[in-house]
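Below is structure20.txt, holding compact mmCIF, N, CA and C atoms.
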# COMPACT_ATOMS: atom_id res chain seq x y z
N MET P 1 -22.00 6.21 4.38
CA MET P 1 -21.15 5.50 5.33
C MET P 1 -20.29 4.49 4.58
N ALA P 2 -19.05 4.37 4.96
CA ALA P 2 -18.13 3.46 4.30
C ALA P 2 -18.46 2.01 4.63
N ASN P 3 -18.35 1.18 3.63
CA ASN P 3 -18.47 -0.26 3.83
C ASN P 3 -17.08 -0.78 4.17
N HIS P 4 -16.82 -1.06 5.44
CA HIS P 4 -15.47 -1.40 5.88
C HIS P 4 -15.01 -2.78 5.43
N SER P 5 -15.90 -3.59 4.88
CA SER P 5 -15.46 -4.86 4.31
C SER P 5 -14.88 -4.64 2.91
N ASP P 6 -15.16 -3.48 2.33
CA ASP P 6 -14.62 -3.11 1.02
C ASP P 6 -13.28 -2.44 1.25
N LYS P 7 -12.19 -3.03 0.75
CA LYS P 7 -10.85 -2.55 1.03
C LYS P 7 -10.54 -1.19 0.41
N ARG P 8 -11.45 -0.65 -0.39
CA ARG P 8 -11.23 0.67 -0.96
C ARG P 8 -11.50 1.77 0.05
N TYR P 9 -12.05 1.45 1.19
CA TYR P 9 -12.38 2.45 2.18
C TYR P 9 -11.51 2.26 3.42
N THR P 10 -11.24 3.36 4.10
CA THR P 10 -10.43 3.31 5.31
C THR P 10 -11.25 3.82 6.48
N ASP P 11 -10.72 3.68 7.67
CA ASP P 11 -11.38 4.17 8.87
C ASP P 11 -11.46 5.70 8.88
N GLU P 12 -10.58 6.36 8.09
CA GLU P 12 -10.59 7.82 8.05
C GLU P 12 -11.79 8.36 7.27
N GLY P 13 -12.42 7.54 6.47
CA GLY P 13 -13.56 8.01 5.70
C GLY P 13 -13.67 7.30 4.39
N GLU P 14 -14.45 7.89 3.52
CA GLU P 14 -14.75 7.25 2.24
C GLU P 14 -13.74 7.67 1.18
N LYS P 15 -12.53 7.20 1.30
CA LYS P 15 -11.50 7.44 0.29
C LYS P 15 -11.54 6.29 -0.70
N ASP P 16 -11.71 6.63 -1.94
CA ASP P 16 -11.75 5.60 -2.98
C ASP P 16 -10.32 5.33 -3.44
N TYR P 17 -9.99 4.10 -3.65
CA TYR P 17 -8.67 3.69 -4.11
C TYR P 17 -8.79 2.88 -5.38
N GLU P 18 -7.78 2.98 -6.21
CA GLU P 18 -7.67 2.16 -7.41
C GLU P 18 -6.82 0.95 -7.08
N ILE P 19 -7.04 -0.14 -7.77
CA ILE P 19 -6.24 -1.34 -7.59
C ILE P 19 -5.12 -1.32 -8.62
N LEU P 20 -3.89 -1.48 -8.14
CA LEU P 20 -2.72 -1.56 -9.00
C LEU P 20 -2.25 -3.01 -8.97
N SER P 21 -2.32 -3.66 -10.10
CA SER P 21 -1.95 -5.07 -10.19
C SER P 21 -0.70 -5.18 -11.06
N ILE P 22 0.36 -5.73 -10.51
CA ILE P 22 1.60 -5.92 -11.27
C ILE P 22 2.07 -7.36 -11.11
N GLN P 23 2.84 -7.81 -12.07
CA GLN P 23 3.42 -9.15 -11.97
C GLN P 23 4.91 -9.02 -11.77
N VAL P 24 5.41 -9.68 -10.75
CA VAL P 24 6.83 -9.66 -10.43
C VAL P 24 7.30 -11.07 -10.11
N ARG P 25 8.62 -11.23 -10.08
CA ARG P 25 9.18 -12.53 -9.70
C ARG P 25 8.78 -12.87 -8.26
N PRO P 26 8.71 -14.15 -7.95
CA PRO P 26 8.33 -14.56 -6.59
C PRO P 26 9.23 -13.97 -5.50
N ASP P 27 10.52 -13.86 -5.74
CA ASP P 27 11.42 -13.32 -4.72
C ASP P 27 11.13 -11.84 -4.45
N LEU P 28 10.79 -11.09 -5.51
CA LEU P 28 10.44 -9.68 -5.32
C LEU P 28 9.11 -9.55 -4.58
N TYR P 29 8.18 -10.42 -4.89
CA TYR P 29 6.89 -10.41 -4.19
C TYR P 29 7.09 -10.64 -2.69
N ARG P 30 7.87 -11.65 -2.34
CA ARG P 30 8.11 -11.97 -0.93
C ARG P 30 8.82 -10.81 -0.23
N ALA P 31 9.81 -10.22 -0.90
CA ALA P 31 10.54 -9.09 -0.31
C ALA P 31 9.61 -7.90 -0.09
N PHE P 32 8.74 -7.62 -1.06
CA PHE P 32 7.80 -6.52 -0.93
C PHE P 32 6.86 -6.75 0.24
N ARG P 33 6.26 -7.94 0.31
CA ARG P 33 5.33 -8.24 1.41
C ARG P 33 6.03 -8.13 2.76
N ARG P 34 7.27 -8.67 2.83
CA ARG P 34 8.03 -8.60 4.08
C ARG P 34 8.29 -7.14 4.47
N CYS P 35 8.66 -6.33 3.50
CA CYS P 35 8.92 -4.91 3.75
C CYS P 35 7.67 -4.20 4.25
N VAL P 36 6.54 -4.47 3.62
CA VAL P 36 5.28 -3.85 4.05
C VAL P 36 4.94 -4.25 5.48
N TRP P 37 5.03 -5.54 5.79
CA TRP P 37 4.66 -5.98 7.13
C TRP P 37 5.63 -5.46 8.19
N MET P 38 6.92 -5.36 7.85
CA MET P 38 7.88 -4.79 8.80
C MET P 38 7.53 -3.32 9.06
N THR P 39 7.15 -2.60 8.01
CA THR P 39 6.79 -1.19 8.16
C THR P 39 5.51 -1.04 8.97
N VAL P 40 4.54 -1.91 8.75
CA VAL P 40 3.30 -1.89 9.55
C VAL P 40 3.64 -2.04 11.03
N HIS P 41 4.46 -3.01 11.36
CA HIS P 41 4.77 -3.29 12.76
C HIS P 41 5.67 -2.22 13.38
N GLU P 42 6.53 -1.60 12.58
CA GLU P 42 7.42 -0.56 13.09
C GLU P 42 6.72 0.78 13.27
N THR P 43 5.78 1.09 12.38
CA THR P 43 5.18 2.43 12.37
C THR P 43 3.73 2.47 12.84
N GLY P 44 3.02 1.35 12.71
CA GLY P 44 1.60 1.34 13.03
C GLY P 44 0.74 1.92 11.92
N MET P 45 1.36 2.26 10.79
CA MET P 45 0.61 2.78 9.64
C MET P 45 -0.25 1.67 9.04
N SER P 46 -1.27 2.07 8.29
CA SER P 46 -2.09 1.08 7.61
C SER P 46 -1.37 0.58 6.36
N ILE P 47 -1.75 -0.59 5.90
CA ILE P 47 -1.16 -1.15 4.68
C ILE P 47 -1.42 -0.22 3.50
N LEU P 48 -2.62 0.34 3.40
CA LEU P 48 -2.94 1.26 2.31
C LEU P 48 -2.04 2.49 2.34
N ASP P 49 -1.82 3.04 3.51
CA ASP P 49 -0.94 4.21 3.62
C ASP P 49 0.49 3.86 3.22
N ILE P 50 0.95 2.69 3.63
CA ILE P 50 2.30 2.26 3.27
C ILE P 50 2.41 2.05 1.77
N HIS P 51 1.43 1.40 1.16
CA HIS P 51 1.46 1.20 -0.29
C HIS P 51 1.52 2.54 -1.01
N ASN P 52 0.68 3.50 -0.59
CA ASN P 52 0.68 4.81 -1.22
C ASN P 52 2.02 5.52 -1.05
N GLU P 53 2.59 5.43 0.14
CA GLU P 53 3.89 6.05 0.39
C GLU P 53 4.98 5.43 -0.48
N MET P 54 4.96 4.11 -0.62
CA MET P 54 5.98 3.43 -1.44
C MET P 54 5.86 3.85 -2.91
N ILE P 55 4.64 3.94 -3.41
CA ILE P 55 4.44 4.36 -4.80
C ILE P 55 4.88 5.81 -4.98
N GLU P 56 4.54 6.68 -4.03
CA GLU P 56 4.97 8.07 -4.10
C GLU P 56 6.49 8.17 -4.13
N GLU P 57 7.18 7.40 -3.27
CA GLU P 57 8.64 7.41 -3.24
C GLU P 57 9.23 6.91 -4.56
N LEU P 58 8.64 5.87 -5.13
CA LEU P 58 9.10 5.35 -6.42
C LEU P 58 8.95 6.41 -7.51
N LEU P 59 7.81 7.06 -7.55
CA LEU P 59 7.57 8.08 -8.58
C LEU P 59 8.50 9.28 -8.41
N ARG P 60 8.75 9.70 -7.16
CA ARG P 60 9.70 10.80 -6.92
C ARG P 60 11.10 10.39 -7.36
N HIS P 61 11.49 9.17 -7.00
CA HIS P 61 12.81 8.67 -7.37
C HIS P 61 13.00 8.64 -8.88
N LYS P 62 11.96 8.24 -9.60
CA LYS P 62 12.01 8.18 -11.07
C LYS P 62 11.67 9.53 -11.71
N GLN P 63 11.40 10.55 -10.88
CA GLN P 63 11.05 11.90 -11.32
C GLN P 63 9.84 11.90 -12.26
N CYS P 64 8.84 11.12 -11.86
CA CYS P 64 7.60 11.05 -12.66
C CYS P 64 6.51 11.88 -12.03

If you took the structure in this file and wrote it as structure tokens, what would it be?
Amino acid sequence: MANHSDKRYTDEGEKDYEILSIQVRPDLYRAFRRCVWMTVHETGMSILDIHNEMIEELLRHKQC
């Protein structure tokens, strides 16, 4: 059973996630957080799903 206090797990089940830690300028950090929260409120998606989608889009854009 998933430990829901552990942010590596979601309500969908026991999906393990890696932590990606990056350092950015404060203005980029604020813009990113604002973008994530706007997307949460517009779509109802989870923060984890949004983070994964954003990384996937970045990697596709960079053709990685």

Just to confirm, what's the straight-line distance from atom C of Gly44 in chain P to atom N of Asp16 in chain P in Å (one decimal)?
19.2 Å

Between CA of Asp49 in chain P and CA of Arg33 in chain P, distance in Å (one decimal)
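That distance, rounded to one decimal, is 14.1 Å.
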
Choose the residue, out of P:Leu20, P:Cys64, P:Ile50, P:Leu59, that has the smallest atom-to-atom separation from Cys35 in chain P; count only C-alpha atoms.
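Ranked by minimum distance to Cys35 in chain P, first place goes to P:Ile50.
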
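Interatomic distance, CA of Gln23 in chain P against CA of Gln63 in chain P: 22.4 Å.
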